[in-house]
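Engineer: My structure is below; once you've seen it, I'll send some questions.
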Amino acid sequence: MGSRDSLSQIAALLGVLVALTVQAVPTGDYADAGELRDDILEINRGLNQLFEGDIAIDPSRNAILDQKRRWKFPIPYILTDSLELNAKGVILQAFEEYRLRSCVDFKPYEGESSYVSFTKLSGCWSYVGDDRTGQNVSIGAGCDTKAIVQHELLHALGFYHEQSRSDRDNYVKIWWDQIEEGKKHNFNKYEDDFITDLNTPYDYESIMHYRPLSFNKNDSIPTITTSIPYFNEVIGQRLDFSAVDVSRLNRMYDCANTLTLLDQCSFELNNICGMIQNEEDNADWVQTLSSPADTDHTMAGLCRDSGYFMKFDTSSGPVGSSALLESRILYPKRDEQCLQFFYKMTGAAGDKLVIWIRTDDGTGTVRSIRKIHTITGSGDAAWKMAYVTLKVSGKFRYFFQGVRGSSGSSGAVSIDDITLTETICPSSVWQIHNFTGILASTPPGGLLKSKCFFNSEGHSFGISVYPNGRESGYPDYVGIALHLCSGENDAVVQWPVKNRQATIVAVDQDPDVKLRMSSTRSFTTDTDPRWNRPTAASGAEWDVGCQCFRRKDFGWSTFISHKHLHSRSFLKENDFIITVNFNDLTHLIQTEVDVEPASPGSDVPNEEPISEVEMRPEVSKHREARAADPCRPNPCSNGGVCVERDGRVSCRCASTQTTIYTGKRCEEVSVHIGVVGALIAGAAGTVILTLAIFTVLRGARCLLHSFGSAITEENVGILL
């Protein structure tokens, strides 16, 4: 059985090796390597003081089970000026993801004793839990992605890595012989009295999971593989929170609601999410079950007896007849909201979908009406995504009005998957239809160009998509890049366009916004000539399609892999949706504030930094990072003493008068030879003594028989 098991394990490892091919990163002029960029553990290689690769804390202090180390919200934060500008923008993006999915909130530091200071030291790392004295989160070089910040903040909020769970051996296999020398302690697992899973299942999709090649000796041989082979290419994902990540976060902090999600509806329930039909119109929206000829967006027509949407029939009635579908009363906390929904118009061009709001008229009654946006049908019957900005500071309702545009209309106006958040809408959306067909027909290096969009300042820009990679060596990836366009505002806006953050999102079209795992990447512009005004004299190319000059694009050759693209809902209805923001971050160049000194009597020990990279000279207002102790928890068994020297750990094994402990981690037990001899001699003496007593007892019985009844059993003691 042993050899058969070994062969099975080798076969399993070989199967993983086939799937986990290691590719070199693109070498061209790109923002970064996209999906092939280094992950946290690669970035932190050589930082031996860190526990589990990116935890800078004494792991014997458990944040998950210790209520005293839970944060109170909002968490004060500082963005130190050591951070790269792109990192500052990405950190703020991560805050918004927490607010959207949980009750976790953040606020600028104002002298509080507990706070998080984001700073650029070596690598990406965090402490675990609230130290109550202020603590660093390092967002070093290469750490400036939203997913990495989300990961490190989950550590700060009290979470360890997924594979540290006590039951992990049921779900993953650790290949101990493939782990780097001195790194095996990073794969320790802990009992549930130390790390709790909060009664949630093992999560291969967790943003807190190691990747297969973590701490590996050989670049192409994994150290951790999954019991279900499919998940070998899933573990270690850096897209976004998983559903279980969100569930644990909300359970840990008793979140009843999220902070910025106001409303959401996919119309699957009979109550249609509390929306109401207006009695003053002359038609109704009808909750309609998906059919092969008229599919919904939520299920894309793939589920029998489910998949509902709301439909207004425009095939009858007078021109201008309409139906109103109105939300319940909503109570915003911010003064800007984003309404996102999917719609389709199957009738003749000219049918309309109008978005309105009702607000407080000053008497407490939600009655004042304002038109926000109008969409006019073009005859294209596909589902489309729309983002509409609302700016409301008091209680309000939003509502949809469907309008029959012409007597020749013979179709319908439909809506599905509505989401209302207290966030800023993306400045542009590009929905590419039949993307599966485009993948099959476009050669490597071939590209699609969007129309030109405008950001809030008036700069014009476009997006390039390379369906099968920008370089021939990466045909299994989608490349995405941004370029400047000439536009009507060029004589007014600022040039060069520096300190602007471009954030591009490949949208996961899951109907529940809290469960979306979109792929998000950002870069920040500088003084490179590519960000100068696009003109013929500056080398920009004339584009006949947009009748404008376009500059050379800049972005990612490997933005997202085809494997990820075909997972989840990136290609629902064969549509690939990209959102883009191009925002000014100049106001974030100087964000650092002074930290108020600790009050007298507070017990704050002097601490040493882990490591620093190209930082400004440290001044007293910075809180230095604390180095994690590689001997905590003690890796030595049986009472051995852990000794650290030059970053390496060894064990001094304990011994007693009877026992000797040996082995690299004092795991082997032997008994002293003298003790063994004493035990053998003692055992032999016991046998001889027993035989002697038995002989005496037999002699006593003989005497009793000889003397008869005159001698009682009590006299035997005298005879003996």
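Naming works like this for the structure tokens: A, B, ... for the chains as they're shown, residue 1 at the start of each chain, ligands 1 onward in shown order.
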What's around Ser322 of chain A at 6 Å? Count only C-alpha atoms, leave out sequence neighbours fewer than 2 positions away in its own chain, and write the answer as a short mmCIF file (atom, residue, chain, number, x, y, z; two decimals) with N, CA and C atoms, in the first residue's frame.
Structural biologist:
```
data_model
loop_
_atom_site.label_atom_id
_atom_site.label_comp_id
_atom_site.auth_asym_id
_atom_site.auth_seq_id
_atom_site.Cartn_x
_atom_site.Cartn_y
_atom_site.Cartn_z
N ALA A 283 -49.94 51.88 -18.08
CA ALA A 283 -49.48 50.50 -18.33
C ALA A 283 -48.68 50.05 -17.12
N GLY A 402 -40.80 53.43 -18.65
CA GLY A 402 -40.73 52.91 -20.01
C GLY A 402 -41.71 53.66 -20.88
N VAL A 403 -41.29 54.06 -22.09
CA VAL A 403 -42.14 54.88 -22.97
C VAL A 403 -42.19 54.25 -24.35
#
```
Engineer: Among the residues of segment 129-159 of chain A, find those DSSP assigns to strand (DSSP E or B) from the backbone and print them as JSON, numbers by chain.
Structural biologist: {"A": [135, 136, 137, 138, 139]}
Engineer: Nearest residue to Ile415 of chain A out of A:Tyr202, A:Tyr331, A:Phe400, A:Tyr30, using only C-alpha atoms?
Structural biologist: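 Using only C-alpha atoms, Ile415 of chain A sits closest to A:Phe400.
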Engineer: Do you know which residues are at most 7 Å from segment 147-160 of chain A counting only C-alpha atoms, after dropping those on the same chain fewer than 2 positions away, and could you put them as a PyMOL selection string?
Structural biologist: chain A and resi 63-64+70-71+91+94+125-130+143+145+162+207-208+238-240
Engineer: Residues near segment 494-496 of chain A, anyone? I mean within 7 Å using only C-alpha atoms, not counting same-chain ones fewer than 4 positions away, as JSON, numbers by chain.
Structural biologist: {"A": [527, 531, 532, 533]}
Engineer: Could you write out that same residue set with N, CA and C atoms as a PDB file, in the first residue's frame?
Structural biologist:
```pdb
ATOM      1  N   THR A 527       5.442  62.160 -16.314  1.00  0.00           N
ATOM      2  CA  THR A 527       5.826  63.185 -17.293  1.00  0.00           C
ATOM      3  C   THR A 527       6.318  62.590 -18.610  1.00  0.00           C
ATOM      4  N   TRP A 531       1.985  61.229 -22.387  1.00  0.00           N
ATOM      5  CA  TRP A 531       0.883  61.930 -21.720  1.00  0.00           C
ATOM      6  C   TRP A 531       0.818  63.407 -22.121  1.00  0.00           C
ATOM      7  N   ASN A 532       1.546  63.775 -23.197  1.00  0.00           N
ATOM      8  CA  ASN A 532       1.420  65.120 -23.758  1.00  0.00           C
ATOM      9  C   ASN A 532       0.202  65.200 -24.669  1.00  0.00           C
ATOM     10  N   ARG A 533      -0.136  66.380 -25.054  1.00  0.00           N
ATOM     11  CA  ARG A 533      -1.297  66.607 -25.928  1.00  0.00           C
ATOM     12  C   ARG A 533      -1.122  65.870 -27.251  1.00  0.00           C
TER      13      ARG A 533
END
```
Engineer: Mind checking which residues fall within 12 Å of Glu592 of chain A, counting only C-alpha atoms, ignoring those fewer than 4 positions away in the same chain, and posting them as a PyMOL selection string?
Structural biologist: chain A and resi 77-83+88+108-110+117-119+587-588+621-622
Engineer: What's the 9 Å shell around Leu571 of chain A, counting only C-alpha atoms, without same-chain residues fewer than 5 positions away, as a short mmCIF file (atom, residue, chain, number, x, y, z; two decimals) with all heavy atoms, in the first residue's frame?
Structural biologist:
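Below you can see part.cif, which holds the result:
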```
data_model
loop_
_atom_site.label_atom_id
_atom_site.label_comp_id
_atom_site.auth_asym_id
_atom_site.auth_seq_id
_atom_site.Cartn_x
_atom_site.Cartn_y
_atom_site.Cartn_z
N ASN A 434 -20.26 39.54 -28.31
CA ASN A 434 -19.72 38.35 -28.98
C ASN A 434 -18.21 38.21 -28.77
O ASN A 434 -17.46 37.95 -29.70
CB ASN A 434 -20.03 38.39 -30.48
CG ASN A 434 -19.66 37.09 -31.19
OD1 ASN A 434 -19.74 36.01 -30.58
ND2 ASN A 434 -19.25 37.18 -32.44
N PHE A 435 -17.77 38.38 -27.53
CA PHE A 435 -16.32 38.34 -27.28
C PHE A 435 -15.75 36.95 -27.48
O PHE A 435 -14.58 36.80 -27.86
CB PHE A 435 -16.02 38.85 -25.87
CG PHE A 435 -14.59 39.27 -25.69
CD1 PHE A 435 -14.13 40.43 -26.27
CD2 PHE A 435 -13.71 38.50 -24.96
CE1 PHE A 435 -12.80 40.83 -26.12
CE2 PHE A 435 -12.38 38.89 -24.80
CZ PHE A 435 -11.93 40.06 -25.39
N THR A 436 -16.55 35.92 -27.26
CA THR A 436 -16.06 34.56 -27.52
C THR A 436 -15.71 34.39 -28.99
O THR A 436 -14.67 33.79 -29.33
CB THR A 436 -17.12 33.52 -27.11
OG1 THR A 436 -17.47 33.72 -25.74
CG2 THR A 436 -16.60 32.11 -27.28
N VAL A 507 -15.23 43.41 -15.70
CA VAL A 507 -16.35 43.27 -14.77
C VAL A 507 -16.84 41.83 -14.69
O VAL A 507 -17.19 41.22 -15.71
CB VAL A 507 -17.50 44.20 -15.19
CG1 VAL A 507 -18.69 44.04 -14.23
CG2 VAL A 507 -17.04 45.66 -15.21
N ASP A 508 -16.85 41.31 -13.47
CA ASP A 508 -17.57 40.07 -13.18
C ASP A 508 -19.04 40.44 -13.07
O ASP A 508 -19.43 41.23 -12.21
CB ASP A 508 -17.05 39.48 -11.86
CG ASP A 508 -17.83 38.25 -11.42
OD1 ASP A 508 -18.62 37.70 -12.21
OD2 ASP A 508 -17.65 37.83 -10.26
N GLN A 509 -19.89 39.88 -13.94
CA GLN A 509 -21.28 40.30 -14.03
C GLN A 509 -22.21 39.53 -13.10
O GLN A 509 -23.40 39.35 -13.41
CB GLN A 509 -21.76 40.18 -15.48
CG GLN A 509 -20.96 41.02 -16.46
CD GLN A 509 -21.30 40.72 -17.90
OE1 GLN A 509 -22.46 40.78 -18.31
NE2 GLN A 509 -20.29 40.38 -18.69
N LEU A 565 -11.07 34.46 -17.56
CA LEU A 565 -12.12 35.07 -18.35
C LEU A 565 -13.32 34.13 -18.50
O LEU A 565 -14.48 34.57 -18.49
CB LEU A 565 -11.57 35.44 -19.73
CG LEU A 565 -12.34 36.49 -20.53
CD1 LEU A 565 -12.30 37.83 -19.82
CD2 LEU A 565 -11.74 36.62 -21.92
N HIS A 566 -13.04 32.84 -18.62
CA HIS A 566 -14.12 31.86 -18.80
C HIS A 566 -14.65 31.35 -17.46
O HIS A 566 -15.54 30.50 -17.44
CB HIS A 566 -13.63 30.70 -19.66
CG HIS A 566 -13.41 31.07 -21.10
ND1 HIS A 566 -14.45 31.35 -21.96
CD2 HIS A 566 -12.28 31.24 -21.82
CE1 HIS A 566 -13.97 31.65 -23.15
NE2 HIS A 566 -12.65 31.58 -23.10
N PHE A 576 -18.18 41.04 -22.97
CA PHE A 576 -17.06 41.42 -22.12
C PHE A 576 -17.22 42.89 -21.79
O PHE A 576 -17.29 43.74 -22.70
CB PHE A 576 -15.74 41.15 -22.86
CG PHE A 576 -14.50 41.41 -22.06
CD1 PHE A 576 -14.41 41.03 -20.73
CD2 PHE A 576 -13.39 42.02 -22.64
CE1 PHE A 576 -13.25 41.26 -19.99
CE2 PHE A 576 -12.22 42.24 -21.92
CZ PHE A 576 -12.16 41.86 -20.59
N ILE A 577 -17.30 43.23 -20.49
CA ILE A 577 -17.57 44.60 -20.09
C ILE A 577 -16.36 45.16 -19.35
O ILE A 577 -15.84 44.55 -18.41
CB ILE A 577 -18.82 44.69 -19.19
CG1 ILE A 577 -20.05 44.17 -19.96
CG2 ILE A 577 -19.05 46.12 -18.72
CD1 ILE A 577 -21.32 44.15 -19.14
#
```
Engineer: Go ahead and compute the interatomic distance for atom CA of Thr524 of chain A and atom CA of Val90 of chain A, in Å to one decimal.
Structural biologist: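 Atom-to-atom, atom CA of Thr524 of chain A to atom CA of Val90 of chain A, that is 10.2 Å.
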